[in-house]
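Asks: Below is the structure I would like to discuss, written out as structure tokens.
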Amino acid sequence: MSRDKKRKRHRKSEEGTSEHVAKKQATEPLPEGVHFYQHLSEVPWDIQKYWKQGYEIFSRYDEGIWMTDNSWFEVTHEAIASKIANHLGQGAPKERVVVLDPFCGVGGNVIALAQSDRFKRVYAIEKDPVALTCAKHNAEIYGVADRITWFEGDCFEQLGKDDNSALVNLIRKHGVVIASPPWGGPSYKSADVFDLETMEPYKLSELHKTFTGICDYVALYLPRTSDLNQVSRLVGRGNSQVIHYCTRGMSRALCVYFGDWGKIEERIDI
Ligand SMILES: C[S@@+](CC[C@H](N)C(=O)[O-])C[C@H]1O[C@@H](n2cnc3c(N)ncnc32)[C@H](O)[C@@H]1O
């Protein structure tokens with residue numbers, strides 16, 4: 001189905017809400033750097049391919065989802081985010097009831113986590129204030145904003161701050177971490193095997209050290225071509241599981257689950 005037909009169908013089924021947001025956005029200028037593209041002609045050329053996937057990214061896109069131009073390349077698509085939320089819930093021990101996303105972007109993962117009843121609260125950190133503004137707005141569209149606590153800033157600094165020691169203790173004792181760091185641009189696509197120790201701006205060992213330093217249950221969302229030898233060297237005798245997330249029979253990315261997670265399904269087609 002073409003995007004325009006799909007758009008019309010979606011508009012019809014969600015008329016009240018979409019109309020409301022459209023009106024609101026027509027009268028109120030969006031914050032600087034925030035976009036809600038409604039027609040291909042408005043979309044920068046390098047994003048057009050992603051914009052056409054809009055409903056796969058956020059099924060409620062038409063209700064006024066806010067994006068930054070960078071976030072089109074980075075956001076976790078809704079079906080995958082929802083699978084990951086299920087897997088985190090399935091694999092974590094029962095007493096692990098909160099979840100931290102230290103790179104929350106425009107909210108792909110946190111919205112799915114907040115939609116799942118498995119977690120009592122979602123904690124989200126994002127250093128780009130514009131992306132964070134989008135995430136808060138998008139969580140409202142999905143009706144889950146009240147289940148999320150937001151922090152603006154660098155996650156490495158935030159997690160080291162005395163002010164946030166209660167959060168760190170909570171995550172240590174009762175939480176899990178799902179981190180989807182930047183992958184350093186699209187270069188990973190051309191790599192047969194992607195070197196996670198040259199990943200920019202944060203290499204695998206640094207991410208692993210920081211997050212396993214505060215929590216025994218850490219999942220990292222990484223390129224599908226990631227060098228798993230590097231993962232296995234890091235894990236040593238410890239436990240880990242790797243799950244590929246596929247759409248239309250193709251892996252889009254993988255998650256490494258570090259720690260003693262319960263058995264999670266092995267390979268999922270969405
Ligand atoms: C791959 S994106 C995350 C996408 C997110 N999972 C989503 O679905 O929207 C990585 C995000 O991490 C943010 N970021 C990069 N370094 C950060 C840091 N040190 N602390 C917090 N956020 C950071 C970037 O601004 C970007 O929004």
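Letters A, B, ... mark the chains of the structure tokens in the order given; residue numbers begin at 1 per chain; ligand numbers begin at 1, in order shown.
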Any residue with an atom at most 10 Å from ligand 1 counts, using only C-alpha atoms and all ligand atoms. Which are they? Put them as a VMD selection string.
Replies: chain A and resid 57 to 58 67 to 68 70 to 78 80 to 81 101 to 112 124 to 132 134 to 135 151 to 159 178 to 185 200 to 202 221 to 222
Asks: Neighbouring residues of Gly259 (chain A) were defined as those with any atom within 6 Å, considering only C-alpha atoms; residues of the same chain fewer than 6 positions away were excluded. Please report them as a list in words.
Replies: Asp216, Tyr217, Asn239 and Ser240 of chain A
Asks: Env of Ile171 (chain A): 9 Å cut, atoms = only C-alpha atoms, seq-sep filter 5 positions within chain, self excluded. Answer as an NGL selection string.
Replies: :A and (96 or 98-100 or 166 or 176-177 or 214-215)
Asks: Please identify all polymer residues within 12 Å of region 242-252 of chain A, counting only C-alpha atoms, omitting same-chain residues fewer than 4 positions from it, and present them as a PDB file with N, CA and C atoms, in the first residue's frame.
Replies:
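Saved as around-v8.pdb:
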ATOM      1  N   GLU A  56       6.386   2.225  10.182  1.00  0.00           N
ATOM      2  CA  GLU A  56       7.145   1.139  10.822  1.00  0.00           C
ATOM      3  C   GLU A  56       7.924   1.704  11.998  1.00  0.00           C
ATOM      4  N   GLU A  74      18.450   6.764  13.615  1.00  0.00           N
ATOM      5  CA  GLU A  74      18.861   6.125  14.867  1.00  0.00           C
ATOM      6  C   GLU A  74      17.743   5.437  15.646  1.00  0.00           C
ATOM      7  N   THR A  76      14.854   3.228  17.186  1.00  0.00           N
ATOM      8  CA  THR A  76      14.515   1.798  17.122  1.00  0.00           C
ATOM      9  C   THR A  76      13.072   1.674  16.634  1.00  0.00           C
ATOM     10  N   HIS A  77      12.877   0.925  15.554  1.00  0.00           N
ATOM     11  CA  HIS A  77      11.535   0.797  14.976  1.00  0.00           C
ATOM     12  C   HIS A  77      10.586   0.117  15.976  1.00  0.00           C
ATOM     13  N   GLU A  78       9.334   0.519  15.878  1.00  0.00           N
ATOM     14  CA  GLU A  78       8.354   0.137  16.911  1.00  0.00           C
ATOM     15  C   GLU A  78       8.256  -1.377  17.152  1.00  0.00           C
ATOM     16  N   ALA A  79       8.189  -2.156  16.076  1.00  0.00           N
ATOM     17  CA  ALA A  79       8.012  -3.609  16.262  1.00  0.00           C
ATOM     18  C   ALA A  79       9.229  -4.206  16.966  1.00  0.00           C
ATOM     19  N   ILE A  80      10.405  -3.697  16.635  1.00  0.00           N
ATOM     20  CA  ILE A  80      11.626  -4.221  17.262  1.00  0.00           C
ATOM     21  C   ILE A  80      11.693  -3.756  18.717  1.00  0.00           C
ATOM     22  N   ALA A  81      11.366  -2.489  18.938  1.00  0.00           N
ATOM     23  CA  ALA A  81      11.394  -1.956  20.314  1.00  0.00           C
ATOM     24  C   ALA A  81      10.436  -2.760  21.200  1.00  0.00           C
ATOM     25  N   SER A  82       9.312  -3.127  20.628  1.00  0.00           N
ATOM     26  CA  SER A  82       8.331  -3.855  21.410  1.00  0.00           C
ATOM     27  C   SER A  82       8.812  -5.290  21.706  1.00  0.00           C
ATOM     28  N   LYS A  83       9.474  -5.918  20.723  1.00  0.00           N
ATOM     29  CA  LYS A  83      10.054  -7.252  20.953  1.00  0.00           C
ATOM     30  C   LYS A  83      11.124  -7.189  22.032  1.00  0.00           C
ATOM     31  N   ILE A  84      11.966  -6.160  21.934  1.00  0.00           N
ATOM     32  CA  ILE A  84      13.040  -6.035  22.934  1.00  0.00           C
ATOM     33  C   ILE A  84      12.434  -5.846  24.321  1.00  0.00           C
ATOM     34  N   HIS A  87      11.394  -9.140  25.528  1.00  0.00           N
ATOM     35  CA  HIS A  87      12.530  -9.990  25.882  1.00  0.00           C
ATOM     36  C   HIS A  87      13.166  -9.571  27.201  1.00  0.00           C
ATOM     37  N   LEU A  88      13.240  -8.259  27.407  1.00  0.00           N
ATOM     38  CA  LEU A  88      13.797  -7.786  28.680  1.00  0.00           C
ATOM     39  C   LEU A  88      12.913  -8.274  29.825  1.00  0.00           C
ATOM     40  N   TYR A 188      28.807   1.219   9.493  1.00  0.00           N
ATOM     41  CA  TYR A 188      28.634  -0.180   9.888  1.00  0.00           C
ATOM     42  C   TYR A 188      27.973  -0.991   8.769  1.00  0.00           C
ATOM     43  N   LYS A 189      27.215  -0.297   7.918  1.00  0.00           N
ATOM     44  CA  LYS A 189      26.473  -1.014   6.867  1.00  0.00           C
ATOM     45  C   LYS A 189      27.405  -1.667   5.859  1.00  0.00           C
ATOM     46  N   VAL A 218      22.315  -6.192  31.657  1.00  0.00           N
ATOM     47  CA  VAL A 218      22.538  -5.127  30.679  1.00  0.00           C
ATOM     48  C   VAL A 218      22.328  -5.682  29.272  1.00  0.00           C
ATOM     49  N   ALA A 219      21.535  -4.973  28.486  1.00  0.00           N
ATOM     50  CA  ALA A 219      21.385  -5.334  27.073  1.00  0.00           C
ATOM     51  C   ALA A 219      21.912  -4.178  26.230  1.00  0.00           C
ATOM     52  N   LEU A 220      22.743  -4.506  25.243  1.00  0.00           N
ATOM     53  CA  LEU A 220      23.257  -3.480  24.321  1.00  0.00           C
ATOM     54  C   LEU A 220      22.721  -3.757  22.932  1.00  0.00           C
ATOM     55  N   TYR A 221      22.179  -2.713  22.321  1.00  0.00           N
ATOM     56  CA  TYR A 221      21.598  -2.818  20.968  1.00  0.00           C
ATOM     57  C   TYR A 221      22.670  -2.369  19.984  1.00  0.00           C
ATOM     58  N   LEU A 222      23.091  -3.270  19.111  1.00  0.00           N
ATOM     59  CA  LEU A 222      24.294  -3.036  18.305  1.00  0.00           C
ATOM     60  C   LEU A 222      24.050  -3.401  16.830  1.00  0.00           C
ATOM     61  N   PRO A 223      24.961  -2.966  15.939  1.00  0.00           N
ATOM     62  CA  PRO A 223      24.789  -3.313  14.516  1.00  0.00           C
ATOM     63  C   PRO A 223      24.742  -4.824  14.280  1.00  0.00           C
ATOM     64  N   ARG A 224      24.005  -5.197  13.250  1.00  0.00           N
ATOM     65  CA  ARG A 224      23.809  -6.635  12.975  1.00  0.00           C
ATOM     66  C   ARG A 224      25.115  -7.343  12.614  1.00  0.00           C
ATOM     67  N   THR A 225      26.104  -6.562  12.131  1.00  0.00           N
ATOM     68  CA  THR A 225      27.380  -7.172  11.727  1.00  0.00           C
ATOM     69  C   THR A 225      28.426  -7.115  12.847  1.00  0.00           C
ATOM     70  N   SER A 226      28.011  -6.806  14.052  1.00  0.00           N
ATOM     71  CA  SER A 226      28.955  -6.643  15.168  1.00  0.00           C
ATOM     72  C   SER A 226      29.882  -7.843  15.318  1.00  0.00           C
ATOM     73  N   ASP A 227      31.126  -7.563  15.663  1.00  0.00           N
ATOM     74  CA  ASP A 227      32.113  -8.628  15.862  1.00  0.00           C
ATOM     75  C   ASP A 227      31.836  -9.353  17.188  1.00  0.00           C
ATOM     76  N   LEU A 228      31.265 -10.533  17.088  1.00  0.00           N
ATOM     77  CA  LEU A 228      30.869 -11.245  18.305  1.00  0.00           C
ATOM     78  C   LEU A 228      32.058 -11.856  19.037  1.00  0.00           C
ATOM     79  N   ASN A 229      33.212 -11.952  18.340  1.00  0.00           N
ATOM     80  CA  ASN A 229      34.417 -12.389  19.059  1.00  0.00           C
ATOM     81  C   ASN A 229      34.795 -11.361  20.124  1.00  0.00           C
ATOM     82  N   VAL A 231      32.704  -9.476  21.658  1.00  0.00           N
ATOM     83  CA  VAL A 231      31.740  -9.642  22.752  1.00  0.00           C
ATOM     84  C   VAL A 231      32.179 -10.815  23.619  1.00  0.00           C
ATOM     85  N   SER A 232      32.523 -11.915  22.983  1.00  0.00           N
ATOM     86  CA  SER A 232      32.831 -13.107  23.773  1.00  0.00           C
ATOM     87  C   SER A 232      34.129 -12.930  24.574  1.00  0.00           C
ATOM     88  N   VAL A 235      33.128 -11.013  27.665  1.00  0.00           N
ATOM     89  CA  VAL A 235      32.301 -11.766  28.610  1.00  0.00           C
ATOM     90  C   VAL A 235      33.146 -12.794  29.359  1.00  0.00           C
ATOM     91  N   VAL A 256      22.937  -7.746  22.554  1.00  0.00           N
ATOM     92  CA  VAL A 256      23.694  -8.641  23.413  1.00  0.00           C
ATOM     93  C   VAL A 256      23.140  -8.473  24.822  1.00  0.00           C
ATOM     94  N   TYR A 257      22.710  -9.583  25.402  1.00  0.00           N
ATOM     95  CA  TYR A 257      22.193  -9.571  26.773  1.00  0.00           C
ATOM     96  C   TYR A 257      23.321 -10.086  27.674  1.00  0.00           C
ATOM     97  N   PHE A 258      23.953  -9.174  28.398  1.00  0.00           N
ATOM     98  CA  PHE A 258      25.053  -9.543  29.298  1.00  0.00           C
ATOM     99  C   PHE A 258      24.484  -9.896  30.666  1.00  0.00           C
ATOM    100  N   GLY A 259      24.905 -11.035  31.208  1.00  0.00           N
ATOM    101  CA  GLY A 259      24.465 -11.404  32.557  1.00  0.00           C
ATOM    102  C   GLY A 259      23.618 -12.656  32.540  1.00  0.00           C
ATOM    103  N   TRP A 261      20.580 -13.596  32.360  1.00  0.00           N
ATOM    104  CA  TRP A 261      19.182 -13.490  31.922  1.00  0.00           C
ATOM    105  C   TRP A 261      18.619 -14.904  31.784  1.00  0.00           C
ATOM    106  N   LYS A 263      16.386 -17.721  29.779  1.00  0.00           N
ATOM    107  CA  LYS A 263      16.468 -18.021  28.346  1.00  0.00           C
ATOM    108  C   LYS A 263      15.487 -17.148  27.573  1.00  0.00           C
ATOM    109  N   ILE A 264      16.005 -16.486  26.563  1.00  0.00           N
ATOM    110  CA  ILE A 264      15.171 -15.628  25.717  1.00  0.00           C
ATOM    111  C   ILE A 264      15.069 -16.315  24.360  1.00  0.00           C
ATOM    112  N   GLU A 265      13.927 -16.119  23.669  1.00  0.00           N
ATOM    113  CA  GLU A 265      13.757 -16.743  22.344  1.00  0.00           C
ATOM    114  C   GLU A 265      14.986 -16.461  21.486  1.00  0.00           C
ATOM    115  N   GLU A 266      15.310 -17.395  20.577  1.00  0.00           N
ATOM    116  CA  GLU A 266      16.587 -17.258  19.893  1.00  0.00           C
ATOM    117  C   GLU A 266      16.597 -16.350  18.674  1.00  0.00           C
ATOM    118  N   ARG A 267      15.625 -16.502  17.814  1.00  0.00           N
ATOM    119  CA  ARG A 267      15.642 -15.676  16.600  1.00  0.00           C
ATOM    120  C   ARG A 267      14.190 -15.395  16.228  1.00  0.00           C
ATOM    121  N   ILE A 268      13.897 -14.134  16.061  1.00  0.00           N
ATOM    122  CA  ILE A 268      12.503 -13.753  15.923  1.00  0.00           C
ATOM    123  C   ILE A 268      12.296 -13.033  14.600  1.00  0.00           C
ATOM    124  N   ASP A 269      11.337 -13.458  13.820  1.00  0.00           N
ATOM    125  CA  ASP A 269      10.920 -12.683  12.650  1.00  0.00           C
ATOM    126  C   ASP A 269       9.718 -11.857  13.032  1.00  0.00           C
ATOM    127  N   ILE A 270       9.776 -10.573  12.723  1.00  0.00           N
ATOM    128  CA  ILE A 270       8.658  -9.706  13.089  1.00  0.00           C
ATOM    129  C   ILE A 270       7.770  -9.504  11.873  1.00  0.00           C
TER     130      ILE A 270
END
Asks: Hey, what does DSSP flag as helix (DSSP H, G or I) within region 54-269 of chain A? Can you give it to me as a CSV table (one decimal) with C-alpha atoms, in the first residue's frame?
Replies:
chain,number,residue,atom,x,y,z
A,54,GLY,CA,7.3,6.2,9.0
A,55,TYR,CA,4.6,3.9,10.2
A,56,GLU,CA,7.1,1.1,10.8
A,57,ILE,CA,9.1,3.6,13.0
A,61,TYR,CA,3.3,8.9,13.3
A,62,ASP,CA,0.3,10.8,11.9
A,63,GLU,CA,-0.8,11.9,15.3
A,71,SER,CA,16.8,10.5,14.8
A,72,TRP,CA,15.4,9.1,11.6
A,73,PHE,CA,18.7,7.1,11.2
A,74,GLU,CA,18.9,6.1,14.9
A,78,GLU,CA,8.4,0.1,16.9
A,79,ALA,CA,8.0,-3.6,16.3
A,80,ILE,CA,11.6,-4.2,17.3
A,81,ALA,CA,11.4,-2.0,20.3
A,82,SER,CA,8.3,-3.9,21.4
A,83,LYS,CA,10.1,-7.3,21.0
A,84,ILE,CA,13.0,-6.0,22.9
A,85,ALA,CA,10.7,-4.8,25.7
A,86,ASN,CA,9.2,-8.3,25.8
A,87,HIS,CA,12.5,-10.0,25.9
A,88,LEU,CA,13.8,-7.8,28.7
A,89,GLY,CA,10.7,-8.6,30.7
A,90,GLN,CA,10.9,-12.3,29.9
A,91,GLY,CA,14.6,-12.7,30.6
A,108,GLY,CA,11.5,4.4,20.4
A,109,ASN,CA,12.6,2.1,23.2
A,110,VAL,CA,11.3,3.9,26.2
A,111,ILE,CA,7.8,4.1,24.8
A,112,ALA,CA,7.7,0.4,24.2
A,113,LEU,CA,9.1,-0.3,27.6
A,114,ALA,CA,6.5,2.0,29.2
A,115,GLN,CA,3.7,0.2,27.3
A,129,PRO,CA,17.8,18.5,24.5
A,130,VAL,CA,15.9,18.6,21.2
A,131,ALA,CA,15.7,14.7,21.0
A,132,LEU,CA,14.6,14.7,24.6
A,133,THR,CA,11.8,17.2,23.8
A,134,CYS,CA,10.7,14.9,21.0
A,135,ALA,CA,10.8,11.8,23.3
A,136,LYS,CA,8.6,13.5,25.9
A,137,HIS,CA,6.1,14.6,23.3
A,138,ASN,CA,6.0,11.2,21.6
A,139,ALA,CA,5.5,9.5,24.9
A,140,GLU,CA,2.5,11.7,25.4
A,141,ILE,CA,1.1,10.7,22.1
A,145,ALA,CA,4.5,9.8,29.6
A,146,ASP,CA,3.5,9.4,33.2
A,147,ARG,CA,5.4,6.1,33.5
A,155,CYS,CA,24.5,9.5,30.8
A,156,PHE,CA,28.1,8.8,32.0
A,157,GLU,CA,28.0,12.1,34.0
A,158,GLN,CA,24.4,11.6,35.1
A,159,LEU,CA,25.1,8.1,36.4
A,160,GLY,CA,28.1,9.4,38.3
A,162,ASP,CA,25.7,12.2,43.7
A,163,ASP,CA,22.2,13.6,43.1
A,164,ASN,CA,21.4,10.5,41.1
A,165,SER,CA,22.9,7.9,43.5
A,166,ALA,CA,19.3,6.8,44.5
A,167,LEU,CA,18.6,6.1,40.8
A,168,VAL,CA,21.8,4.1,40.4
A,169,ASN,CA,21.1,2.1,43.6
A,170,LEU,CA,17.6,1.4,42.3
A,171,ILE,CA,18.9,0.2,39.0
A,172,ARG,CA,21.6,-1.9,40.7
A,173,LYS,CA,19.1,-3.7,43.0
A,174,HIS,CA,15.9,-3.8,41.0
A,186,PRO,CA,26.1,4.4,8.6
A,187,SER,CA,29.7,3.0,8.1
A,188,TYR,CA,28.6,-0.2,9.9
A,189,LYS,CA,26.5,-1.0,6.9
A,190,SER,CA,29.5,-1.6,4.6
A,204,LEU,CA,32.0,-1.7,23.3
A,205,SER,CA,34.4,-2.2,26.3
A,206,GLU,CA,33.6,1.3,27.6
A,207,LEU,CA,29.9,0.8,27.4
A,208,HIS,CA,30.2,-2.7,28.9
A,209,LYS,CA,32.3,-1.4,31.8
A,210,THR,CA,30.0,1.5,32.6
A,211,PHE,CA,26.7,-0.3,32.5
A,212,THR,CA,27.8,-3.6,34.0
A,213,GLY,CA,29.4,-1.5,36.7
A,214,ILE,CA,26.0,-0.4,37.9
A,228,LEU,CA,30.9,-11.2,18.3
A,229,ASN,CA,34.4,-12.4,19.1
A,230,GLN,CA,34.9,-9.0,20.8
A,231,VAL,CA,31.7,-9.6,22.8
A,232,SER,CA,32.8,-13.1,23.8
A,233,ARG,CA,36.3,-11.9,24.8
A,234,LEU,CA,34.7,-9.3,27.0
A,235,VAL,CA,32.3,-11.8,28.6
Asks: From a DSSP calculation on the backbone, collect every residue of region 15-203 of chain A in strand (DSSP E or B) and output the set as a list in words.
Replies: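 Selection result, strand (DSSP E or B) within region 15-203 of chain A: His35, Met67, Val98, Val99, Leu100, Asp101, Arg121, Val122, Tyr123, Ala124, Ile125, Glu126, Ile148, Thr149, Trp150, Phe151, Glu152, Gly175, Val176, Val177, Ile178, Ala179 and Phe194 of chain A.
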Asks: Could the residues in this selection be saved with N, CA and C atoms as a short mmCIF file (atom, residue, chain, number, x, y, z; two decimals), in the first residue's frame?
Replies:
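After the write, result.cif holds the following:
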data_model
loop_
_atom_site.label_atom_id
_atom_site.label_comp_id
_atom_site.auth_asym_id
_atom_site.auth_seq_id
_atom_site.Cartn_x
_atom_site.Cartn_y
_atom_site.Cartn_z
N HIS A 35 10.90 18.32 13.99
CA HIS A 35 10.14 18.28 12.74
C HIS A 35 9.00 17.27 12.83
N MET A 67 10.31 14.40 15.45
CA MET A 67 11.61 13.78 15.18
C MET A 67 12.65 14.89 15.01
N VAL A 98 12.32 -2.25 37.26
CA VAL A 98 12.48 -0.94 36.61
C VAL A 98 13.52 -1.08 35.51
N VAL A 99 13.52 -0.12 34.60
CA VAL A 99 14.43 -0.22 33.46
C VAL A 99 15.01 1.15 33.14
N LEU A 100 16.30 1.14 32.80
CA LEU A 100 16.99 2.38 32.44
C LEU A 100 17.40 2.33 30.97
N ASP A 101 17.06 3.42 30.23
CA ASP A 101 17.56 3.59 28.86
C ASP A 101 18.43 4.84 28.87
N ARG A 121 8.49 1.23 36.23
CA ARG A 121 8.92 2.59 35.87
C ARG A 121 10.07 2.51 34.87
N VAL A 122 10.09 3.50 34.00
CA VAL A 122 11.16 3.59 32.99
C VAL A 122 11.95 4.88 33.26
N TYR A 123 13.27 4.76 33.28
CA TYR A 123 14.14 5.93 33.47
C TYR A 123 14.89 6.16 32.16
N ALA A 124 14.85 7.41 31.70
CA ALA A 124 15.39 7.71 30.37
C ALA A 124 16.36 8.88 30.45
N ILE A 125 17.54 8.69 29.84
CA ILE A 125 18.54 9.77 29.79
C ILE A 125 18.81 10.10 28.33
N GLU A 126 18.95 11.39 28.03
CA GLU A 126 19.31 11.81 26.67
C GLU A 126 20.07 13.13 26.76
N ILE A 148 7.32 7.45 32.79
CA ILE A 148 8.75 7.64 32.47
C ILE A 148 9.32 8.82 33.26
N THR A 149 10.52 8.63 33.81
CA THR A 149 11.25 9.74 34.44
C THR A 149 12.39 10.11 33.51
N TRP A 150 12.48 11.41 33.20
CA TRP A 150 13.44 11.87 32.19
C TRP A 150 14.62 12.58 32.83
N PHE A 151 15.80 12.40 32.25
CA PHE A 151 17.00 13.13 32.67
C PHE A 151 17.66 13.68 31.42
N GLU A 152 17.95 14.98 31.45
CA GLU A 152 18.67 15.55 30.31
C GLU A 152 20.14 15.63 30.67
N GLY A 175 16.81 -3.18 38.81
CA GLY A 175 16.62 -2.75 37.43
C GLY A 175 17.34 -3.58 36.39
N VAL A 176 17.05 -3.23 35.15
CA VAL A 176 17.82 -3.71 33.99
C VAL A 176 18.15 -2.48 33.15
N VAL A 177 19.18 -2.63 32.32
CA VAL A 177 19.60 -1.53 31.44
C VAL A 177 19.48 -1.98 30.00
N ILE A 178 18.85 -1.15 29.18
CA ILE A 178 18.87 -1.37 27.73
C ILE A 178 19.49 -0.11 27.11
N ALA A 179 20.65 -0.31 26.48
CA ALA A 179 21.36 0.84 25.92
C ALA A 179 21.48 0.69 24.41
N PHE A 194 31.72 -5.69 11.92
CA PHE A 194 31.86 -4.33 12.45
C PHE A 194 32.69 -4.35 13.73
#
Asks: Closest to Arg237 (chain A) among A:Asp260, A:Ile65, A:Tyr37, A:Ala253, using only C-alpha atoms?
Replies: A:Asp260
Asks: Counting only C-alpha atoms, which residue out of A:Trp66, A:Lys203, A:Gly236, A:Lys52 sits closest to His39 (chain A)?
Replies: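 Closest to His39 (chain A), using only C-alpha atoms: A:Lys52.
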Asks: Just the number, please: distance in Å from CA of Glu197 (chain A) to CA of Lys49 (chain A), one decimal.
Replies: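 Going from CA of Glu197 (chain A) over to CA of Lys49 (chain A) covers 29.2 Å.
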Asks: Tell me, in Å to one decimal, how far CA of Glu42 (chain A) is from CA of Gly64 (chain A).
Replies: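 Taking CA of Glu42 (chain A) and CA of Gly64 (chain A), their separation equals 15.0 Å.
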Asks: Could you check how far CA of Leu254 (chain A) sits from CA of Gly143 (chain A), in Å to one decimal?
Replies: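 The value is 27.9 Å.
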Asks: Counting only C-alpha atoms, which of A:Leu196, A:Lys120, A:Asp69, A:Lys94 gets nearest to Glu32 (chain A)?
Replies: A:Asp69
